[in-house]
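structure_26.cif follows (mmCIF, C-alpha atoms):
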data_query
#
loop_
_atom_site.group_PDB
_atom_site.id
_atom_site.type_symbol
_atom_site.label_atom_id
_atom_site.label_comp_id
_atom_site.auth_asym_id
_atom_site.auth_seq_id
_atom_site.Cartn_x
_atom_site.Cartn_y
_atom_site.Cartn_z
ATOM 1 C CA MET A 1 -16.011 -11.779 -9.925
ATOM 2 C CA THR A 2 -15.014 -11.386 -6.257
ATOM 3 C CA LEU A 3 -11.718 -10.996 -4.485
ATOM 4 C CA THR A 4 -11.452 -11.761 -0.781
ATOM 5 C CA PHE A 5 -8.566 -10.646 1.394
ATOM 6 C CA LYS A 6 -7.997 -11.311 5.072
ATOM 7 C CA TYR A 7 -7.142 -8.468 7.424
ATOM 8 C CA LYS A 8 -3.532 -8.416 8.600
ATOM 9 C CA LYS A 9 -3.040 -8.587 12.350
ATOM 10 C CA ILE A 10 -0.088 -6.536 13.558
ATOM 11 C CA GLU A 11 1.237 -7.203 17.033
ATOM 12 C CA ARG A 12 2.414 -4.094 18.846
ATOM 13 C CA PRO A 13 4.714 -3.542 21.831
ATOM 14 C CA ALA A 14 2.945 -3.945 25.196
ATOM 15 C CA PRO A 15 0.737 -2.416 26.491
ATOM 16 C CA LEU A 16 -0.627 -1.615 23.030
ATOM 17 C CA PRO A 17 -3.185 -4.118 21.745
ATOM 18 C CA PRO A 18 -2.736 -5.762 18.325
ATOM 19 C CA THR A 19 -4.410 -4.014 15.433
ATOM 20 C CA LEU A 20 -6.083 -5.309 12.277
ATOM 21 C CA TYR A 21 -5.724 -3.717 8.868
ATOM 22 C CA PRO A 22 -7.606 -4.237 5.572
ATOM 23 C CA ILE A 23 -4.446 -4.484 3.477
ATOM 24 C CA ILE A 24 -4.556 -5.772 -0.097
ATOM 25 C CA PRO A 25 -1.796 -6.618 -2.588
ATOM 26 C CA VAL A 26 -1.740 -4.438 -5.695
ATOM 27 C CA THR A 27 0.735 -3.621 -8.433
ATOM 28 C CA LEU A 28 1.385 0.064 -9.134
ATOM 29 C CA LYS A 29 2.449 0.749 -12.697
ATOM 30 C CA GLY A 30 4.289 3.905 -13.685
ATOM 31 C CA ASN A 31 6.146 4.994 -16.807
ATOM 32 C CA LYS A 32 9.444 3.406 -15.732
ATOM 33 C CA LYS A 33 8.651 0.447 -13.530
ATOM 34 C CA HIS A 34 5.949 -1.418 -11.725
ATOM 35 C CA LEU A 35 6.003 -2.347 -8.072
ATOM 36 C CA ASP A 36 4.056 -4.813 -5.957
ATOM 37 C CA VAL A 37 2.838 -3.143 -2.787
ATOM 38 C CA LEU A 38 0.510 -3.897 0.086
ATOM 39 C CA ALA A 39 -1.953 -1.040 0.280
ATOM 40 C CA LEU A 40 -4.445 -0.009 2.929
ATOM 41 C CA LEU A 41 -8.054 0.268 1.745
ATOM 42 C CA ASP A 42 -9.219 3.648 3.005
ATOM 43 C CA SER A 43 -12.873 4.427 2.394
ATOM 44 C CA GLY A 44 -12.377 7.829 4.021
ATOM 45 C CA ALA A 45 -9.799 8.936 1.471
ATOM 46 C CA ASP A 46 -11.075 10.854 -1.543
ATOM 47 C CA PHE A 47 -8.127 9.678 -3.650
ATOM 48 C CA THR A 48 -5.494 6.985 -3.709
ATOM 49 C CA ALA A 49 -2.357 8.362 -2.078
ATOM 50 C CA ILE A 50 1.212 7.189 -2.485
ATOM 51 C CA PRO A 51 4.482 8.360 -0.947
ATOM 52 C CA LYS A 52 6.769 10.403 -3.190
ATOM 53 C CA GLY A 53 9.524 7.787 -2.899
ATOM 54 C CA ILE A 54 7.353 5.167 -4.592
ATOM 55 C CA ALA A 55 6.077 7.652 -7.193
ATOM 56 C CA GLU A 56 9.667 8.485 -8.176
ATOM 57 C CA TYR A 57 10.666 4.817 -8.228
ATOM 58 C CA ILE A 58 7.914 3.719 -10.618
ATOM 59 C CA GLY A 59 8.149 6.947 -12.625
ATOM 60 C CA ILE A 60 4.841 8.738 -12.586
ATOM 61 C CA ASP A 61 4.339 12.317 -13.744
ATOM 62 C CA LEU A 62 5.178 14.756 -10.945
ATOM 63 C CA SER A 63 5.019 17.930 -13.017
ATOM 64 C CA ARG A 64 1.651 19.215 -11.841
ATOM 65 C CA LYS A 65 1.298 21.917 -9.229
ATOM 66 C CA PRO A 66 1.006 20.547 -5.675
ATOM 67 C CA GLU A 67 -2.279 21.059 -3.892
ATOM 68 C CA ILE A 68 -3.125 21.072 -0.230
ATOM 69 C CA ILE A 69 -4.878 18.010 1.111
ATOM 70 C CA VAL A 70 -6.445 17.817 4.530
ATOM 71 C CA GLY A 71 -6.583 14.935 6.986
ATOM 72 C CA VAL A 72 -7.235 14.712 10.695
ATOM 73 C CA GLY A 73 -3.486 15.208 11.204
ATOM 74 C CA GLY A 74 -3.508 18.530 9.404
ATOM 75 C CA LYS A 75 -2.635 19.852 5.959
ATOM 76 C CA ILE A 76 0.060 18.545 3.629
ATOM 77 C CA HIS A 77 1.132 19.226 0.063
ATOM 78 C CA ALA A 78 0.416 16.563 -2.517
ATOM 79 C CA ILE A 79 0.987 16.374 -6.278
ATOM 80 C CA PRO A 80 -1.981 15.232 -8.424
ATOM 81 C CA SER A 81 -1.101 12.516 -10.928
ATOM 82 C CA LYS A 82 -2.283 9.206 -12.434
ATOM 83 C CA VAL A 83 -1.225 5.631 -11.776
ATOM 84 C CA ASN A 84 -2.318 2.248 -12.971
ATOM 85 C CA ILE A 85 -3.413 -0.111 -10.190
ATOM 86 C CA ASN A 86 -3.540 -3.815 -10.863
ATOM 87 C CA VAL A 87 -5.294 -6.060 -8.371
ATOM 88 C CA GLN A 88 -5.098 -9.809 -8.641
ATOM 89 C CA HIS A 89 -6.136 -12.774 -6.539
ATOM 90 C CA GLY A 90 -6.373 -16.306 -7.822
ATOM 91 C CA HIS A 91 -7.705 -16.213 -11.373
ATOM 92 C CA GLU A 92 -9.192 -12.728 -11.011
ATOM 93 C CA ASN A 93 -7.157 -9.849 -12.405
ATOM 94 C CA TYR A 94 -8.255 -6.209 -12.826
ATOM 95 C CA SER A 95 -6.498 -3.062 -13.941
ATOM 96 C CA ILE A 96 -7.673 0.397 -12.915
ATOM 97 C CA SER A 97 -6.369 3.764 -14.060
ATOM 98 C CA ALA A 98 -6.619 5.944 -10.984
ATOM 99 C CA GLU A 99 -6.078 9.536 -10.031
ATOM 100 C CA VAL A 100 -3.578 9.751 -7.191
ATOM 101 C CA ARG A 101 -2.128 12.264 -4.835
ATOM 102 C CA VAL A 102 1.599 11.942 -4.253
ATOM 103 C CA MET A 103 2.419 12.786 -0.642
ATOM 104 C CA ASP A 104 5.713 14.373 0.233
ATOM 105 C CA VAL A 105 5.787 13.553 3.938
ATOM 106 C CA ASP A 106 8.919 11.509 4.624
ATOM 107 C CA ASP A 107 7.342 8.168 3.763
ATOM 108 C CA LYS A 108 5.349 8.157 7.002
ATOM 109 C CA PHE A 109 2.170 6.806 5.426
ATOM 110 C CA PRO A 110 1.482 3.523 3.664
ATOM 111 C CA VAL A 111 0.018 3.391 0.178
ATOM 112 C CA LEU A 112 -3.667 4.244 0.611
ATOM 113 C CA ILE A 113 -6.311 3.082 -1.838
ATOM 114 C CA GLY A 114 -8.975 5.784 -1.829
ATOM 115 C CA ARG A 115 -12.434 6.040 -3.347
ATOM 116 C CA LYS A 116 -11.893 7.928 -6.620
ATOM 117 C CA ASP A 117 -11.661 5.440 -9.494
ATOM 118 C CA PHE A 118 -10.872 2.326 -7.412
ATOM 119 C CA PHE A 119 -13.995 2.237 -5.222
ATOM 120 C CA GLU A 120 -16.053 3.098 -8.302
ATOM 121 C CA LYS A 121 -14.953 -0.170 -9.930
ATOM 122 C CA PHE A 122 -15.772 -2.474 -7.015
ATOM 123 C CA ASP A 123 -18.462 -2.985 -4.429
ATOM 124 C CA ILE A 124 -16.293 -3.223 -1.332
ATOM 125 C CA THR A 125 -17.551 -4.888 1.827
ATOM 126 C CA PHE A 126 -15.601 -4.669 5.068
ATOM 127 C CA LYS A 127 -16.441 -7.719 7.156
ATOM 128 C CA GLU A 128 -15.034 -6.552 10.480
ATOM 129 C CA LYS A 129 -16.271 -9.528 12.486
ATOM 130 C CA GLU A 130 -14.873 -11.985 9.938
ATOM 131 C CA LYS A 131 -11.687 -9.953 9.550
ATOM 132 C CA ARG A 132 -11.788 -9.869 5.785
ATOM 133 C CA VAL A 133 -12.673 -7.550 2.962
ATOM 134 C CA ILE A 134 -14.514 -8.509 -0.214
ATOM 135 C CA LEU A 135 -14.133 -6.735 -3.543
ATOM 136 C CA LYS A 136 -16.830 -7.434 -6.081
ATOM 137 C CA LYS A 137 -16.292 -6.064 -9.580
ATOM 138 C CA VAL A 138 -19.032 -3.727 -10.684
ATOM 139 C CA SER A 139 -20.257 -4.826 -14.086
ATOM 140 C CA MET B 1 1.645 -14.804 -4.430
ATOM 141 C CA LYS B 2 4.372 -16.236 -2.247
ATOM 142 C CA SER B 3 5.504 -12.911 -0.753
ATOM 143 C CA TYR B 4 1.926 -11.968 0.170
ATOM 144 C CA ASP B 5 1.319 -15.320 1.851
ATOM 145 C CA PHE B 6 4.560 -14.869 3.765
ATOM 146 C CA PHE B 7 3.540 -11.377 4.928
ATOM 147 C CA MET B 8 0.137 -12.546 6.102
ATOM 148 C CA LYS B 9 1.743 -15.151 8.361
ATOM 149 C CA ALA B 10 4.843 -13.231 9.408
ATOM 150 C CA ASP B 11 5.428 -11.525 12.719
ATOM 151 C CA VAL B 12 6.331 -8.041 11.523
ATOM 152 C CA GLU B 13 6.404 -6.387 14.950
ATOM 153 C CA PRO B 14 10.204 -5.866 14.724
ATOM 154 C CA TYR B 15 9.588 -3.682 11.646
ATOM 155 C CA ILE B 16 6.849 -1.427 13.027
ATOM 156 C CA ASP B 17 6.932 2.046 11.450
ATOM 157 C CA GLU B 18 9.377 0.842 8.796
ATOM 158 C CA TRP B 19 9.140 -0.067 5.138
ATOM 159 C CA ILE B 20 9.919 -3.672 4.304
ATOM 160 C CA ALA B 21 10.752 -5.379 1.017
ATOM 161 C CA ILE B 22 9.810 -9.055 0.781
ATOM 162 C CA ALA B 23 11.138 -11.498 -1.782
ATOM 163 C CA ASP B 24 9.502 -14.939 -1.720
ATOM 164 C CA ASP B 25 9.542 -15.926 1.920
ATOM 165 C CA LYS B 26 11.876 -13.469 3.560
ATOM 166 C CA ILE B 27 12.296 -9.806 4.367
ATOM 167 C CA VAL B 28 15.309 -8.724 2.346
ATOM 168 C CA SER B 29 15.461 -5.061 3.331
ATOM 169 C CA HIS B 30 13.859 -2.653 5.788
ATOM 170 C CA GLY B 31 14.132 0.962 6.897
ATOM 171 C CA LYS B 32 12.433 4.333 7.236
ATOM 172 C CA ASN B 33 13.014 5.511 3.645
ATOM 173 C CA VAL B 34 11.187 3.523 0.976
ATOM 174 C CA LYS B 35 13.537 4.476 -1.867
ATOM 175 C CA GLU B 36 16.573 3.356 0.131
ATOM 176 C CA VAL B 37 14.802 0.104 1.021
ATOM 177 C CA LEU B 38 14.107 -0.565 -2.675
ATOM 178 C CA LYS B 39 17.662 0.346 -3.672
ATOM 179 C CA ASP B 40 19.100 -1.943 -1.010
ATOM 180 C CA ALA B 41 16.767 -4.806 -1.972
ATOM 181 C CA GLU B 42 17.709 -4.485 -5.663
ATOM 182 C CA LYS B 43 21.398 -4.401 -4.788
ATOM 183 C CA LYS B 44 21.111 -7.575 -2.704
ATOM 184 C CA HIS B 45 18.832 -9.412 -5.159
ATOM 185 C CA PRO B 46 19.212 -8.004 -8.683
ATOM 186 C CA GLY B 47 16.326 -8.808 -11.008
ATOM 187 C CA LYS B 48 14.150 -10.115 -8.206
ATOM 188 C CA LYS B 49 10.518 -9.043 -7.761
ATOM 189 C CA PHE B 50 9.699 -7.439 -4.407
ATOM 190 C CA LEU B 51 6.574 -6.855 -2.396
ATOM 191 C CA VAL B 52 6.816 -3.603 -0.477
ATOM 192 C CA THR B 53 4.806 -2.208 2.398
ATOM 193 C CA ARG B 54 4.988 0.038 5.403
ATOM 194 C CA VAL B 55 4.311 -1.741 8.677
ATOM 195 C CA PRO B 56 1.886 0.353 10.711
ATOM 196 C CA GLY B 57 1.961 0.097 14.440
ATOM 197 C CA LYS B 58 2.912 2.321 17.328
ATOM 198 C CA GLU B 59 0.535 5.110 16.525
ATOM 199 C CA THR B 60 -3.156 4.509 15.999
ATOM 200 C CA MET B 61 -4.085 5.605 12.499
ATOM 201 C CA ILE B 62 -7.036 7.878 11.840
ATOM 202 C CA LEU B 63 -6.413 9.133 8.327
#
Let me see whether you can do it: turn the structure in this file into structure tokens.
Amino acid sequence: MTLTFKYKKIERPAPLPPTLYPIIPVTLKGNKKHLDVLALLDSGADFTAIPKGIAEYIGIDLSRKPEIIVGVGGKIHAIPSKVNINVQHGHENYSISAEVRVMDVDDKFPVLIGRKDFFEKFDITFKEKEKRVILKKVS
Amino acid sequence: MKSYDFFMKADVEPYIDEWIAIADDKIVSHGKNVKEVLKDAEKKHPGKKFLVTRVPGKETMIL
């Protein structure tokens, strides 16, 4: 009933210190294809967000009117849509239909797993000191 | 998942701020544009399954 993932340590050019990211492997399923991606768990994001390039590749509906979304970096346009997110680790395997926002910003952001739908399906614990994140399926 | 295990151990500093496509235990394509990375990876390894991610790095992220 639980999935545990270690944080990924990324070394950076000096003098920048290394950073740690709660990245988890998921499969995004669209109408045309599915794609395995490493996505950043983002408890501050209202929705899951994916770059337009990935949305086009897997074939998700991009016909809805873009809306403005706001982050600390400013405002961008994003298209509301739906995607299926599959998360698997060991013998555990879960599939979640999630609302997404497709970001058209030159692929400058990773896939972000936000709260709507995904965080509602799991109790998610960030263990900063232990450098791991635990997902426990909500029954 | 072999590609995930590889990523977790790999030094990805050379690919900071780029998208990478991993097949098994190697990075088969990388670049700034994710669609081009996927196209290149499929061309090099037709029919292969890829694990794709963007390597964060130079800029601190506050999303």
Output the contact residues of chain A with respect to chain B at a cut-off of 8 Å, based on only C-alpha atoms, as a PyMOL selection string. chain A and resi 8+10-13+16+19+25+35-39+44-45+53-54+57+71-73+106-111
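We find atom CA of A:Asp42 and atom CA of A:Val133 to be spaced 11.7 Å apart.
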At a cut-off of 10 Å around the point (-7.5, -5.1, -1.1) (file coordinates), what residues fall inside when counting all atoms listed in the file? I'd like the answer as a PyMOL selection string. chain A and resi 3-7+22-26+38-42+87-89+113+124+132-135
For C-alpha atoms, I'd like the residues from the last selection saved as a short mmCIF file (atom, residue, chain, number, x, y, z; two decimals), in the coordinates of the input.
data_model
loop_
_atom_site.label_atom_id
_atom_site.label_comp_id
_atom_site.auth_asym_id
_atom_site.auth_seq_id
_atom_site.Cartn_x
_atom_site.Cartn_y
_atom_site.Cartn_z
CA LEU A 3 -11.72 -11.00 -4.49
CA THR A 4 -11.45 -11.76 -0.78
CA PHE A 5 -8.57 -10.65 1.39
CA LYS A 6 -8.00 -11.31 5.07
CA TYR A 7 -7.14 -8.47 7.42
CA PRO A 22 -7.61 -4.24 5.57
CA ILE A 23 -4.45 -4.48 3.48
CA ILE A 24 -4.56 -5.77 -0.10
CA PRO A 25 -1.80 -6.62 -2.59
CA VAL A 26 -1.74 -4.44 -5.70
CA LEU A 38 0.51 -3.90 0.09
CA ALA A 39 -1.95 -1.04 0.28
CA LEU A 40 -4.44 -0.01 2.93
CA LEU A 41 -8.05 0.27 1.74
CA ASP A 42 -9.22 3.65 3.00
CA VAL A 87 -5.29 -6.06 -8.37
CA GLN A 88 -5.10 -9.81 -8.64
CA HIS A 89 -6.14 -12.77 -6.54
CA ILE A 113 -6.31 3.08 -1.84
CA ILE A 124 -16.29 -3.22 -1.33
CA ARG A 132 -11.79 -9.87 5.78
CA VAL A 133 -12.67 -7.55 2.96
CA ILE A 134 -14.51 -8.51 -0.21
CA LEU A 135 -14.13 -6.74 -3.54
#
Residues at most 12 Å from A:Ser139, counting all atoms listed in the file, excluding those fewer than 4 positions away in the same chain, as a list of chain:residue names? A:Met1, A:Thr2, A:Glu120, A:Lys121, A:Phe122, A:Asp123
So how many Å separate atom CA of A:Pro51 and atom CA of A:Val105, to one decimal? 7.2 Å
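Across the structure, atom CA of A:Lys29 and atom CA of A:Ile96 are spaced 10.1 Å apart.
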List the residues matched by the PyMOL selection byres ((chain A and resi 47) around 9) in the displayed structure as a VMD selection string, ordered by chain and then by residue number. chain A and resid 44 to 46 48 to 49 98 to 101 112 to 118
Determine the axis-aligned bounding box of all atoms of stretch 32-38 of chain A present in the file, pad each side by 5 Å, and express its centre and edge lengths in Å to one decimal place as lines of an AutoDock Vina configuration file.
center_x = 5.0
center_y = -0.7
center_z = -7.8
size_x = 18.9
size_y = 18.2
size_z = 25.8
Reference answer for the PyMOL selection byres ((chain B and resi 24) around 6), as a PyMOL selection string: chain B and resi 2-3+23+25-26
As a compact mmCIF listing (two decimals), in the frame of the given file, the rebuilt stretch 7-23 of chain B with N, CA and C atoms:
# COMPACT_ATOMS: atom_id res chain seq x y z
N PHE B 7 3.86 -12.55 4.12
CA PHE B 7 3.54 -11.38 4.93
C PHE B 7 2.36 -11.65 5.84
N MET B 8 1.34 -12.31 5.31
CA MET B 8 0.14 -12.55 6.10
C MET B 8 0.40 -13.42 7.32
N LYS B 9 1.42 -14.26 7.22
CA LYS B 9 1.74 -15.15 8.36
C LYS B 9 2.87 -14.60 9.24
N ALA B 10 3.62 -13.67 8.72
CA ALA B 10 4.84 -13.23 9.41
C ALA B 10 4.56 -12.35 10.63
N ASP B 11 5.43 -12.45 11.60
CA ASP B 11 5.43 -11.52 12.72
C ASP B 11 6.27 -10.33 12.29
N VAL B 12 5.61 -9.21 12.03
CA VAL B 12 6.33 -8.04 11.52
C VAL B 12 6.53 -6.97 12.61
N GLU B 13 6.25 -7.36 13.85
CA GLU B 13 6.40 -6.39 14.95
C GLU B 13 7.81 -5.75 14.99
N PRO B 14 8.87 -6.51 14.70
CA PRO B 14 10.20 -5.87 14.72
C PRO B 14 10.37 -4.75 13.69
N TYR B 15 9.45 -4.67 12.73
CA TYR B 15 9.59 -3.68 11.65
C TYR B 15 8.52 -2.58 11.72
N ILE B 16 7.89 -2.45 12.87
CA ILE B 16 6.85 -1.43 13.03
C ILE B 16 7.39 -0.04 12.67
N ASP B 17 6.60 0.70 11.91
CA ASP B 17 6.93 2.05 11.45
C ASP B 17 8.10 2.06 10.46
N GLU B 18 8.35 0.92 9.84
CA GLU B 18 9.38 0.84 8.80
C GLU B 18 8.77 0.30 7.50
N TRP B 19 9.47 0.56 6.42
CA TRP B 19 9.14 -0.07 5.14
C TRP B 19 9.89 -1.38 5.05
N ILE B 20 9.25 -2.39 4.51
CA ILE B 20 9.92 -3.67 4.30
C ILE B 20 9.78 -4.09 2.84
N ALA B 21 10.81 -4.78 2.36
CA ALA B 21 10.75 -5.38 1.02
C ALA B 21 10.85 -6.89 1.21
N ILE B 22 9.88 -7.59 0.64
CA ILE B 22 9.81 -9.06 0.78
C ILE B 22 10.08 -9.68 -0.58
N ALA B 23 10.92 -10.69 -0.57
CA ALA B 23 11.14 -11.50 -1.78
C ALA B 23 10.89 -12.95 -1.39
